[in-house]
Every structure is written in C-alpha cells, then in structure tokens.
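Peer 1: First the structure, which I've put down as structure tokens, then a few questions once you've had a look.
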Amino acid sequence: MSSGAEITSQEYIKHHLTNLSADSQGLCSANSLNPCDGFWTLHLDTLGWSVFLGLVFITLFRSVAKKASTGVPGRLQCAVEMVVEFVDDSVKSTFHGKNPVIAPLALTIFVWVLLMNAMDWVPVDLIPRIFELFGVNYMKAVPTTDPNMTFALALGVFVLILYYSIKIKGIGGFIKELTTQPFGHWSLYPINFILEMVTLLARPLSLALRLFGNMYAGELIFLLIATIGVFQLPVHFLWAAFHLLIIPLQAFIFMMLTILYLSLAHEDH
Amino acid sequence: MNLNMTLIGELIAFIVFVIFCMKYVWPPIIGAIEARQALIADGLAASDRAAKDLELAQEKATAQLKEAKAQAASILEAAKKREVQIIEEAAVKAHAEKDKILASGHAEIDTERNQAKEELRQQVAVLAIAGAEKILERSIDAAVHSDILDKLVAEL
C-alpha cells in the first residue's frame, strides 16, 4: 500500500495507473490547476522508461556487435546471438523476399517490447516508492501498459505496411488489391473497398490493443493483488510466474505479426 | 485511453532505435553468425575429407606392409638358396684343394724320397769306396774290420 494509511484500494489502484505527465505548463496532477487532458501532454514515465530500456537494448547489442567475431563466442555474445538467430529464423520462416529492414525491425520490436513488458515483474510499489522519495508522485514503470507506447509501435509498423505495399505493388496495384477482392464483380468494388480497409486498419489497431490490453490487465491484477494484505505474497508469486509466459509471448506475437503483415505487404497478386 | 504527444515521442524513439539497430547492430552480428556457420561447415567438410584420407592412407599402409612382408620372405628364401649354394661350392672347392694339396704333398714326398735315395746311394758308394780304401790300406783284421763294418752299418 502507498504511503498514506487512509487511502482506499480504489485510490491506490488509480494512483498507480496514473502516468507522470507534463505539458507546456509544467508537471500535471489530478487535483491541481493543471490536469493535463490536452493532446500536448507527455507521459514522462512512459517516455523515460521506454527510452531507457531501448538504450539498454541498443548498448547491450551494440557492445556485442562491435566485438562480434567468428571465433569462439563468449557468454554474452552467445546469448545475444541466440536472440538474433531466433529472430532471424522467425523472419526467414515467414518472409521470403529480400528486405534489409524487416529483420532488424523485428529484433528491435522483440527485445524492446520484451524489456518493457519485463518491467511488469518489478514489484508494483518498488519503483513508485523510490521515486516518491525524490518527490515524484506518479510513476508507471511498465511502458507497454500505456496505449501511447503500443500505438506508437503499431503506427510505425502500419506506415511500413503502407510504404511497402505501395513500393512493391505501385499505387494502382495497391488500390486494385483493396477493391477487386474478395468479390470479382465491378459493382461490388465499393463493398470490397470497405472490407479491405477494415482488414487493413484492423492490423495496427489489433497489434496495439492486444499488447496494451494484455499488459494493462496484467498490471491491474498485480495492483489488485497488492491490496489483499498478507496473502498477496503467494498470489503475487503465482501471477508473476504466469507472466513468465505472458511477457515473452506478447513480445513474440507482436514481432511475428509485424513480420507477417510486412510479408503480406510484399505479396503481389 | 489517453492518447497524446507521448505517441509521437515514442514513434520517434522507435524509428531511431530501428534505424540504429539496422545500421550498427544487425549487420555485424548476423555477419559474424553467418561467417562462423561457413567456418564450421568448412571445418566439418575438412574433417570428413581428413577421415577419408586417413582411411586411404591406412589401406595403402596395409598394402605396403603386405608387399614388404612378401618381399622380405622372398629375400629370405633367396638368401637360403644362396647359402646352400655357397656351402656346396665351398665344399667342392675345398675338396679340390684337398686333392691338390694331397697330390702335391705326395709328389713332394716322392721327390724327397728319390732325392734321399739318390743321396744315400751316393753316400753308400762313397762309404763303400772309403771302406774299401781303408780295407786296402790296412791288413784285413776281422776285429779291426768288424768295427769298420759296424761303422759302415751305423752310417747306413
């Protein structure tokens, strides 16, 4: 439970699910003059943690890449190479063309999302408490529980889907793909277009919402468990153990679907 | 759901990370992995080849050993034959030598005997003459003569 002894579980959960935000007028807080509900608000915790974890990924992998040799690899190099080979195999099993972007993109998504999801394992009160000592009132440490994070990833992937669809098939080919199927008759082209647009737009939306929904729900249940008193310890352990499955699985699904969507964008009918 | 500027910020971070990964992380690592795979494949092929070479070499060695053994046996046989031959030859030679030596010995003995006989004969003649001279010088005395005769006999 958080500092004050008097707060209810509802307040506790709400507090833990509030981002540390700021806009042009400074830090925001729920009950003060600056509630920050406009578009020009930044979630400092989401940004900070995600960039920090991204830098962890980049520096770790870069340090191995710099020393990468064909000789006998060290332990760190082995571990990193295992991840790289795993991603490479996943890409090769789904995407058969030649594209210098997809594999590094998949690696970045997989490791970054994995690291961000892994913040879920940190006890829910640990990081907020530490920041409270420095006078920071809100701290949501799992970036993937913020829809901004997951939508940013999905939007990036969506832009690439559009880019490669148009690059490979041409604008005409892309429009043709959107209108001439599944029904072949010209009078049904508008219906085709609506159906295909739904399919196309559902891709980034489902990507973002799946990851967000899973991680947000997981986090919410961690918070609920934290309110039940002494019994939280075994229950928390069970839920964290269950996340051994959820956390890598969500990262893997996000990566696999990205590869799949991009490989569909490369397919010319 | 609270979408705001954070999305743009994260999008920028995402793009930067992907580009960095694409430029500086992915190529060296996958390059090293593929180079090592090629190296291992080469190594395996080389070891296969070496095993085959070894098998061939062993076969060759066995064949050579067999040949050498056969050669040694034939040399041994030839040597034995030669030995027998040499012994036979030596025996024949020795026999001939022996005959020759015997013959020459006999001949030498014969000549020496003849020579001795000749000398003896001459000496007997000389002695006979000398005896006769002595007999003629003195009166014939049996006792005196006998010692001369004895001397003669002893000298013979």
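Order determines the names: the first chain of the structure tokens is A, the second B, and so forth; residues in each chain are numbered 1 upward, and ligands are numbered 1 upward as they are shown.
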Go through chain B and flag each residue having an atom no more than 8 Å from chain A; for those, report the closest pair of atoms plus their distance in Å to one decimal, using only C-alpha atoms, ordered by chain and rising number, as a tab-separated table.
Peer 2:
residue	atom	partner	partner_atom	distance
B:Met1	CA	A:Pro147	CA	6.6
B:Asn2	CA	A:Pro147	CA	7.2
B:Leu3	CA	A:Asn148	CA	5.6
B:Asn4	CA	A:Phe39	CA	4.5
B:Met5	CA	A:Trp40	CA	5.2
B:Thr6	CA	A:Leu42	CA	4.8
B:Leu7	CA	A:Asn148	CA	4.5
B:Ile8	CA	A:Ala152	CA	6.9
B:Gly9	CA	A:Leu47	CA	7.2
B:Glu10	CA	A:Ala152	CA	5.7
B:Leu11	CA	A:Ala152	CA	4.8
B:Ala13	CA	A:Val51	CA	6.8
B:Phe14	CA	A:Leu153	CA	6.8
B:Ile15	CA	A:Gly156	CA	7.4
B:Phe17	CA	A:Gly54	CA	7.0
B:Val18	CA	A:Leu105	CA	5.5
B:Phe20	CA	A:Ile58	CA	7.9
B:Cys21	CA	A:Pro104	CA	5.9
B:Met22	CA	A:Pro104	CA	5.1
B:Tyr24	CA	A:Arg62	CA	6.8
B:Val25	CA	A:Arg62	CA	5.3
B:Trp26	CA	A:Pro104	CA	5.8
B:Pro28	CA	A:Ala65	CA	5.4
B:Ile29	CA	A:Ala65	CA	5.2
B:Ile30	CA	A:Val84	CA	7.3
B:Ala32	CA	A:Thr70	CA	5.3
B:Ile33	CA	A:Thr70	CA	6.9
B:Ala35	CA	A:Thr70	CA	6.1
B:Arg36	CA	A:Thr70	CA	4.7
B:Leu39	CA	A:Thr70	CA	7.9
Peer 1: I need the residues of region 111-244 of chain A that end up classed as alpha helix (DSSP H) by DSSP on the backbone, written out as a PyMOL selection string.
Peer 2: chain A and resi 111-118+126-133+147-179+189-226+232-244
Peer 1: What does the distance between CA of Val92 (chain B) and CA of Leu76 (chain B) come to in Å, to one decimal place?
Peer 2: 24.2 Å
Peer 1: I'd like the neighbourhood of region 110-124 of chain B as a ChimeraX atom specification, where a residue qualifies if any of its atoms comes within 10 Å (using only C-alpha atoms), though same-chain residues fewer than 6 positions away should be ignored.
Peer 2: /B:104,130-131,152-153,155-156
Peer 1: For Thr258 (chain A), list every protein, DNA or RNA residue within 10 Å, evaluated using only C-alpha atoms, and leave out those in the same chain fewer than 2 positions away; present the list as an MDAnalysis selection string.
Peer 2: chainID A and resid 91 102 105:106 109 153:154 157:158 160:161 203:204 207 252:256 260:264
Peer 1: Could you save those same residues with C-alpha atoms as a short mmCIF file (atom, residue, chain, number, x, y, z; two decimals), in the first residue's frame?
Peer 2:
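New file selection-v4.cif:
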data_model
loop_
_atom_site.label_atom_id
_atom_site.label_comp_id
_atom_site.auth_asym_id
_atom_site.auth_seq_id
_atom_site.Cartn_x
_atom_site.Cartn_y
_atom_site.Cartn_z
CA VAL A 91 11.76 -13.80 -40.18
CA ILE A 102 12.36 -6.39 -41.56
CA LEU A 105 12.84 -4.15 -37.12
CA ALA A 106 11.68 -7.49 -35.75
CA ILE A 109 10.43 -4.86 -31.53
CA LEU A 153 4.85 0.79 -32.29
CA ALA A 154 1.78 -0.23 -34.27
CA VAL A 157 4.59 -0.85 -38.42
CA PHE A 158 1.48 0.47 -40.20
CA LEU A 160 5.90 0.44 -43.16
CA ILE A 161 2.98 -1.74 -44.33
CA ARG A 203 -3.94 -4.71 -38.31
CA PRO A 204 -2.25 -1.85 -36.42
CA LEU A 207 -1.41 -5.04 -32.73
CA PHE A 252 6.82 -12.67 -29.70
CA ILE A 253 3.27 -12.18 -31.02
CA PHE A 254 3.93 -8.52 -31.72
CA MET A 255 7.11 -9.41 -33.59
CA MET A 256 5.56 -12.32 -35.53
CA LEU A 260 3.53 -11.41 -41.19
CA TYR A 261 1.90 -8.09 -42.08
CA LEU A 262 5.03 -6.85 -43.80
CA SER A 263 5.38 -10.07 -45.74
CA LEU A 264 1.71 -9.73 -46.81
#
Peer 1: Please compute the CA of Val16 (chain B)-CA of Val111 (chain A) distance, one decimal, in Å.
Peer 2: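 Between CA of Val16 (chain B) and CA of Val111 (chain A) the gap is 14.8 Å.
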